[in-house]
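Raw structure_21.txt, compact mmCIF, N, CA and C atoms:
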# COMPACT_ATOMS: atom_id res chain seq x y z
N MET A 55 -4.15 -9.38 -25.98
CA MET A 55 -3.55 -8.07 -26.15
C MET A 55 -2.03 -8.24 -26.14
N ASN A 56 -1.39 -7.59 -27.03
CA ASN A 56 0.05 -7.64 -27.11
C ASN A 56 0.66 -7.00 -25.86
N THR A 57 1.71 -7.59 -25.35
CA THR A 57 2.35 -7.09 -24.14
C THR A 57 2.88 -5.68 -24.34
N TRP A 58 3.44 -5.40 -25.50
CA TRP A 58 4.00 -4.07 -25.74
C TRP A 58 2.92 -2.99 -25.84
N ILE A 59 1.76 -3.36 -26.31
CA ILE A 59 0.65 -2.40 -26.32
C ILE A 59 0.25 -2.08 -24.89
N ALA A 60 0.17 -3.08 -24.03
CA ALA A 60 -0.16 -2.85 -22.63
C ALA A 60 0.89 -1.99 -21.95
N ILE A 61 2.16 -2.24 -22.24
CA ILE A 61 3.24 -1.43 -21.66
C ILE A 61 3.14 0.01 -22.15
N GLY A 62 2.89 0.19 -23.44
CA GLY A 62 2.75 1.53 -23.99
C GLY A 62 1.59 2.30 -23.39
N LEU A 63 0.45 1.63 -23.23
CA LEU A 63 -0.71 2.28 -22.61
C LEU A 63 -0.43 2.65 -21.16
N THR A 64 0.30 1.79 -20.46
CA THR A 64 0.66 2.08 -19.07
C THR A 64 1.59 3.29 -18.99
N VAL A 65 2.55 3.35 -19.91
CA VAL A 65 3.47 4.49 -19.94
C VAL A 65 2.70 5.78 -20.21
N LEU A 66 1.81 5.75 -21.18
CA LEU A 66 1.01 6.95 -21.49
C LEU A 66 0.12 7.35 -20.32
N GLY A 67 -0.48 6.36 -19.65
CA GLY A 67 -1.31 6.66 -18.49
C GLY A 67 -0.52 7.29 -17.36
N CYS A 68 0.66 6.75 -17.08
CA CYS A 68 1.50 7.31 -16.02
C CYS A 68 1.93 8.74 -16.37
N TYR A 69 2.28 8.96 -17.62
CA TYR A 69 2.68 10.30 -18.05
C TYR A 69 1.51 11.27 -17.92
N ALA A 70 0.30 10.83 -18.29
CA ALA A 70 -0.87 11.70 -18.19
C ALA A 70 -1.17 12.07 -16.74
N VAL A 71 -1.04 11.11 -15.83
CA VAL A 71 -1.27 11.40 -14.41
C VAL A 71 -0.23 12.38 -13.88
N LYS A 72 1.03 12.17 -14.25
CA LYS A 72 2.10 13.07 -13.83
C LYS A 72 1.86 14.47 -14.38
N LEU A 73 1.48 14.57 -15.65
CA LEU A 73 1.21 15.86 -16.27
C LEU A 73 0.02 16.55 -15.60
N ALA A 74 -1.01 15.79 -15.28
CA ALA A 74 -2.17 16.38 -14.60
C ALA A 74 -1.78 16.94 -13.25
N GLY A 75 -0.89 16.26 -12.54
CA GLY A 75 -0.43 16.76 -11.25
C GLY A 75 0.37 18.04 -11.37
N LEU A 76 1.15 18.16 -12.45
CA LEU A 76 1.94 19.36 -12.66
C LEU A 76 1.09 20.55 -13.11
N LEU A 77 -0.06 20.27 -13.71
CA LEU A 77 -0.92 21.34 -14.21
C LEU A 77 -1.86 21.91 -13.15
N VAL A 78 -1.90 21.32 -11.97
CA VAL A 78 -2.75 21.83 -10.90
C VAL A 78 -2.18 23.17 -10.43
N PRO A 79 -3.00 24.20 -10.37
CA PRO A 79 -2.49 25.50 -9.92
C PRO A 79 -1.96 25.43 -8.48
N ALA A 80 -0.92 26.21 -8.21
CA ALA A 80 -0.30 26.20 -6.88
C ALA A 80 -1.30 26.64 -5.80
N GLY A 81 -2.20 27.52 -6.15
CA GLY A 81 -3.19 28.00 -5.19
C GLY A 81 -4.12 26.91 -4.70
N ALA A 82 -4.38 25.92 -5.55
CA ALA A 82 -5.27 24.83 -5.15
C ALA A 82 -4.64 23.99 -4.05
N MET A 83 -3.34 23.85 -4.06
CA MET A 83 -2.66 23.04 -3.05
C MET A 83 -2.51 23.77 -1.72
N GLU A 84 -2.80 25.07 -1.69
CA GLU A 84 -2.68 25.84 -0.45
C GLU A 84 -3.93 25.74 0.43
N ARG A 85 -5.01 25.21 -0.10
CA ARG A 85 -6.24 25.10 0.70
C ARG A 85 -6.05 24.06 1.80
N PRO A 86 -6.56 24.34 3.00
CA PRO A 86 -6.36 23.40 4.12
C PRO A 86 -6.95 22.01 3.87
N LEU A 87 -8.10 21.93 3.24
CA LEU A 87 -8.72 20.63 2.98
C LEU A 87 -7.86 19.80 2.02
N VAL A 88 -7.37 20.45 0.99
CA VAL A 88 -6.53 19.75 0.00
C VAL A 88 -5.23 19.29 0.66
N ARG A 89 -4.64 20.12 1.49
CA ARG A 89 -3.41 19.74 2.18
C ARG A 89 -3.64 18.54 3.09
N ARG A 90 -4.75 18.57 3.80
CA ARG A 90 -5.05 17.46 4.72
C ARG A 90 -5.29 16.16 3.93
N LEU A 91 -6.04 16.24 2.85
CA LEU A 91 -6.29 15.06 2.02
C LEU A 91 -4.99 14.54 1.41
N ALA A 92 -4.13 15.44 0.96
CA ALA A 92 -2.86 15.03 0.37
C ALA A 92 -1.97 14.34 1.40
N ALA A 93 -2.09 14.73 2.66
CA ALA A 93 -1.29 14.10 3.71
C ALA A 93 -1.86 12.74 4.10
N LEU A 94 -3.19 12.58 4.07
CA LEU A 94 -3.81 11.34 4.52
C LEU A 94 -3.97 10.29 3.43
N LEU A 95 -3.97 10.69 2.18
CA LEU A 95 -4.21 9.75 1.09
C LEU A 95 -3.17 8.64 1.00
N PRO A 96 -1.88 8.91 1.13
CA PRO A 96 -0.91 7.80 1.08
C PRO A 96 -1.11 6.78 2.20
N VAL A 97 -1.47 7.24 3.38
CA VAL A 97 -1.71 6.34 4.51
C VAL A 97 -2.91 5.44 4.21
N ALA A 98 -3.97 6.01 3.69
CA ALA A 98 -5.17 5.23 3.37
C ALA A 98 -4.88 4.21 2.27
N LEU A 99 -4.14 4.61 1.25
CA LEU A 99 -3.81 3.68 0.17
C LEU A 99 -2.92 2.54 0.65
N LEU A 100 -1.95 2.86 1.51
CA LEU A 100 -1.08 1.82 2.05
C LEU A 100 -1.86 0.85 2.94
N ALA A 101 -2.77 1.37 3.75
CA ALA A 101 -3.60 0.51 4.60
C ALA A 101 -4.48 -0.40 3.75
N ALA A 102 -5.06 0.13 2.69
CA ALA A 102 -5.90 -0.68 1.81
C ALA A 102 -5.09 -1.76 1.11
N LEU A 103 -3.90 -1.41 0.65
CA LEU A 103 -3.04 -2.38 -0.01
C LEU A 103 -2.62 -3.48 0.97
N THR A 104 -2.28 -3.11 2.20
CA THR A 104 -1.90 -4.09 3.21
C THR A 104 -3.06 -5.04 3.51
N ALA A 105 -4.24 -4.50 3.68
CA ALA A 105 -5.41 -5.34 3.96
C ALA A 105 -5.71 -6.28 2.80
N GLN A 106 -5.63 -5.77 1.59
CA GLN A 106 -5.92 -6.60 0.41
C GLN A 106 -4.90 -7.71 0.28
N GLN A 107 -3.63 -7.41 0.49
CA GLN A 107 -2.59 -8.42 0.35
C GLN A 107 -2.60 -9.42 1.50
N THR A 108 -3.11 -9.03 2.66
CA THR A 108 -3.12 -9.91 3.83
C THR A 108 -4.33 -10.84 3.84
N PHE A 109 -5.48 -10.32 3.52
CA PHE A 109 -6.71 -11.08 3.72
C PHE A 109 -7.37 -11.58 2.44
N ALA A 110 -6.73 -11.40 1.28
CA ALA A 110 -7.35 -11.83 0.03
C ALA A 110 -6.50 -12.87 -0.67
N TYR A 111 -7.19 -13.82 -1.28
CA TYR A 111 -6.54 -14.80 -2.15
C TYR A 111 -7.45 -14.94 -3.36
N GLY A 112 -7.10 -14.24 -4.44
CA GLY A 112 -8.00 -14.19 -5.59
C GLY A 112 -9.24 -13.39 -5.21
N HIS A 113 -10.40 -14.04 -5.30
CA HIS A 113 -11.65 -13.38 -4.92
C HIS A 113 -12.15 -13.85 -3.57
N ALA A 114 -11.34 -14.60 -2.85
CA ALA A 114 -11.76 -15.17 -1.56
C ALA A 114 -11.11 -14.41 -0.41
N LEU A 115 -11.82 -14.39 0.69
CA LEU A 115 -11.33 -13.80 1.92
C LEU A 115 -10.71 -14.92 2.75
N VAL A 116 -9.44 -14.75 3.15
CA VAL A 116 -8.74 -15.82 3.87
C VAL A 116 -8.14 -15.28 5.17
N LEU A 117 -7.94 -16.19 6.09
CA LEU A 117 -7.30 -15.87 7.36
C LEU A 117 -6.20 -16.91 7.54
N ASP A 118 -4.96 -16.54 7.24
CA ASP A 118 -3.87 -17.50 7.28
C ASP A 118 -2.66 -16.90 8.00
N ALA A 119 -1.49 -17.41 7.70
CA ALA A 119 -0.26 -16.98 8.38
C ALA A 119 0.02 -15.50 8.18
N ARG A 120 -0.39 -14.95 7.06
CA ARG A 120 -0.16 -13.52 6.82
C ARG A 120 -0.88 -12.66 7.84
N ALA A 121 -2.07 -13.07 8.26
CA ALA A 121 -2.82 -12.33 9.28
C ALA A 121 -2.09 -12.39 10.62
N ALA A 122 -1.51 -13.53 10.94
CA ALA A 122 -0.75 -13.64 12.19
C ALA A 122 0.47 -12.73 12.16
N GLY A 123 1.14 -12.67 11.01
CA GLY A 123 2.29 -11.78 10.87
C GLY A 123 1.89 -10.32 10.99
N LEU A 124 0.75 -9.96 10.42
CA LEU A 124 0.27 -8.60 10.53
C LEU A 124 -0.07 -8.27 11.98
N GLY A 125 -0.65 -9.24 12.67
CA GLY A 125 -0.95 -9.03 14.09
C GLY A 125 0.32 -8.83 14.92
N ALA A 126 1.35 -9.62 14.64
CA ALA A 126 2.63 -9.46 15.34
C ALA A 126 3.23 -8.09 15.06
N ALA A 127 3.14 -7.64 13.83
CA ALA A 127 3.65 -6.31 13.49
C ALA A 127 2.86 -5.22 14.22
N ALA A 128 1.55 -5.40 14.32
CA ALA A 128 0.72 -4.42 15.04
C ALA A 128 1.10 -4.36 16.51
N VAL A 129 1.32 -5.52 17.12
CA VAL A 129 1.73 -5.54 18.53
C VAL A 129 3.08 -4.85 18.69
N ALA A 130 4.01 -5.13 17.79
CA ALA A 130 5.33 -4.48 17.87
C ALA A 130 5.21 -2.97 17.70
N LEU A 131 4.30 -2.52 16.84
CA LEU A 131 4.10 -1.08 16.67
C LEU A 131 3.50 -0.45 17.93
N VAL A 132 2.56 -1.14 18.55
CA VAL A 132 1.95 -0.63 19.78
C VAL A 132 3.01 -0.51 20.88
N LEU A 133 3.95 -1.45 20.89
CA LEU A 133 5.03 -1.42 21.88
C LEU A 133 6.16 -0.46 21.47
N ARG A 134 5.97 0.26 20.38
CA ARG A 134 6.91 1.26 19.87
C ARG A 134 8.28 0.66 19.55
N ALA A 135 8.27 -0.50 18.93
CA ALA A 135 9.51 -1.14 18.51
C ALA A 135 10.06 -0.42 17.28
N PRO A 136 11.37 -0.48 17.07
CA PRO A 136 11.95 0.09 15.84
C PRO A 136 11.40 -0.63 14.61
N PHE A 137 11.42 0.08 13.48
CA PHE A 137 10.81 -0.44 12.26
C PHE A 137 11.38 -1.80 11.85
N LEU A 138 12.68 -1.96 11.91
CA LEU A 138 13.27 -3.24 11.51
C LEU A 138 12.81 -4.38 12.42
N LEU A 139 12.60 -4.09 13.68
CA LEU A 139 12.09 -5.10 14.60
C LEU A 139 10.63 -5.44 14.28
N VAL A 140 9.87 -4.46 13.88
CA VAL A 140 8.48 -4.69 13.47
C VAL A 140 8.44 -5.63 12.27
N VAL A 141 9.26 -5.35 11.28
CA VAL A 141 9.31 -6.19 10.08
C VAL A 141 9.80 -7.59 10.44
N ALA A 142 10.83 -7.66 11.29
CA ALA A 142 11.36 -8.97 11.69
C ALA A 142 10.32 -9.78 12.45
N ALA A 143 9.56 -9.15 13.31
CA ALA A 143 8.52 -9.85 14.05
C ALA A 143 7.47 -10.42 13.10
N ALA A 144 7.08 -9.63 12.13
CA ALA A 144 6.08 -10.09 11.16
C ALA A 144 6.62 -11.27 10.36
N VAL A 145 7.86 -11.19 9.94
CA VAL A 145 8.46 -12.26 9.15
C VAL A 145 8.56 -13.55 9.96
N VAL A 146 9.07 -13.44 11.19
CA VAL A 146 9.27 -14.62 12.03
C VAL A 146 7.95 -15.28 12.36
N VAL A 147 6.94 -14.50 12.72
CA VAL A 147 5.64 -15.07 13.07
C VAL A 147 4.99 -15.71 11.85
N THR A 148 5.04 -15.03 10.71
CA THR A 148 4.46 -15.60 9.49
C THR A 148 5.13 -16.90 9.12
N ALA A 149 6.46 -16.92 9.15
CA ALA A 149 7.19 -18.14 8.82
C ALA A 149 6.91 -19.24 9.83
N GLY A 150 6.83 -18.87 11.10
CA GLY A 150 6.55 -19.88 12.13
C GLY A 150 5.18 -20.52 11.97
N VAL A 151 4.18 -19.70 11.70
CA VAL A 151 2.82 -20.22 11.51
C VAL A 151 2.77 -21.11 10.26
N ARG A 152 3.43 -20.70 9.21
CA ARG A 152 3.45 -21.53 7.99
C ARG A 152 4.20 -22.84 8.23
N ALA A 153 5.26 -22.78 9.05
CA ALA A 153 6.05 -23.99 9.31
C ALA A 153 5.26 -25.03 10.10
N ILE A 154 4.38 -24.56 10.99
CA ILE A 154 3.59 -25.53 11.77
C ILE A 154 2.30 -25.91 11.05
N GLY A 155 2.13 -25.37 9.84
CA GLY A 155 0.99 -25.79 9.02
C GLY A 155 -0.24 -24.93 9.14
N GLY A 156 -0.09 -23.71 9.59
CA GLY A 156 -1.25 -22.83 9.75
C GLY A 156 -1.64 -22.08 8.54

Please render this file's structure as structure tokens.
Amino acid sequence: MNTWIAIGLTVLGCYAVKLAGLLVPAGAMERPLVRRLAALLPVALLAALTAQQTFAYGHALVLDARAAGLGAAAVALVLRAPFLLVVAAAVVVTAGVRAIGG
């Protein structure tokens, strides 16, 4: 498939999704269930993306330095560390585990 055809289809798909969102009646967004789902959906998508990027390598399930970094970030979050410290802890632990060959 030509790269420009793929880019064009992606542009059209993004535009269609944006247009569909704008065409939803305002009354539909006022329902409590829809509001709750709209608030929780980004969190669920981010959690799924994090899990996929941490524990997957192609079609295989792996447990490597990325999992250790995620664990360090989770501990930092439980301890209510500032966001930059959470990211720094994940980076340092991941790099450290990779450096020792894990």

In Å, with one decimal, what is the gap from atom CA of Phe109 of chain A to atom N of Ala122 of chain A?
9.2 Å

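In terms of minimum interatomic distance to Arg120 of chain A, A:Arg152 ranks closest within A:Arg85, A:Arg152, A:Lys72, A:Arg134, counting only C-alpha atoms.
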
Atom CA of Gly75 of chain A sits from atom CA of Thr104 of chain A at a separation of 25.4 Å

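For Gly123 of chain A, the set of protein, DNA and RNA residues having any atom at most 8 Å away, when counting all atoms listed in the file and skipping those fewer than 5 positions along the same chain, is Asp118, Ala128, Val129, Ala143, Ala144, Val145, Val146, Val147, Thr148, Ala149 and Val151 of chain A.
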
Do you have the atom CA of Leu76 of chain A-atom CA of Leu103 of chain A distance handy?
25.6 Å
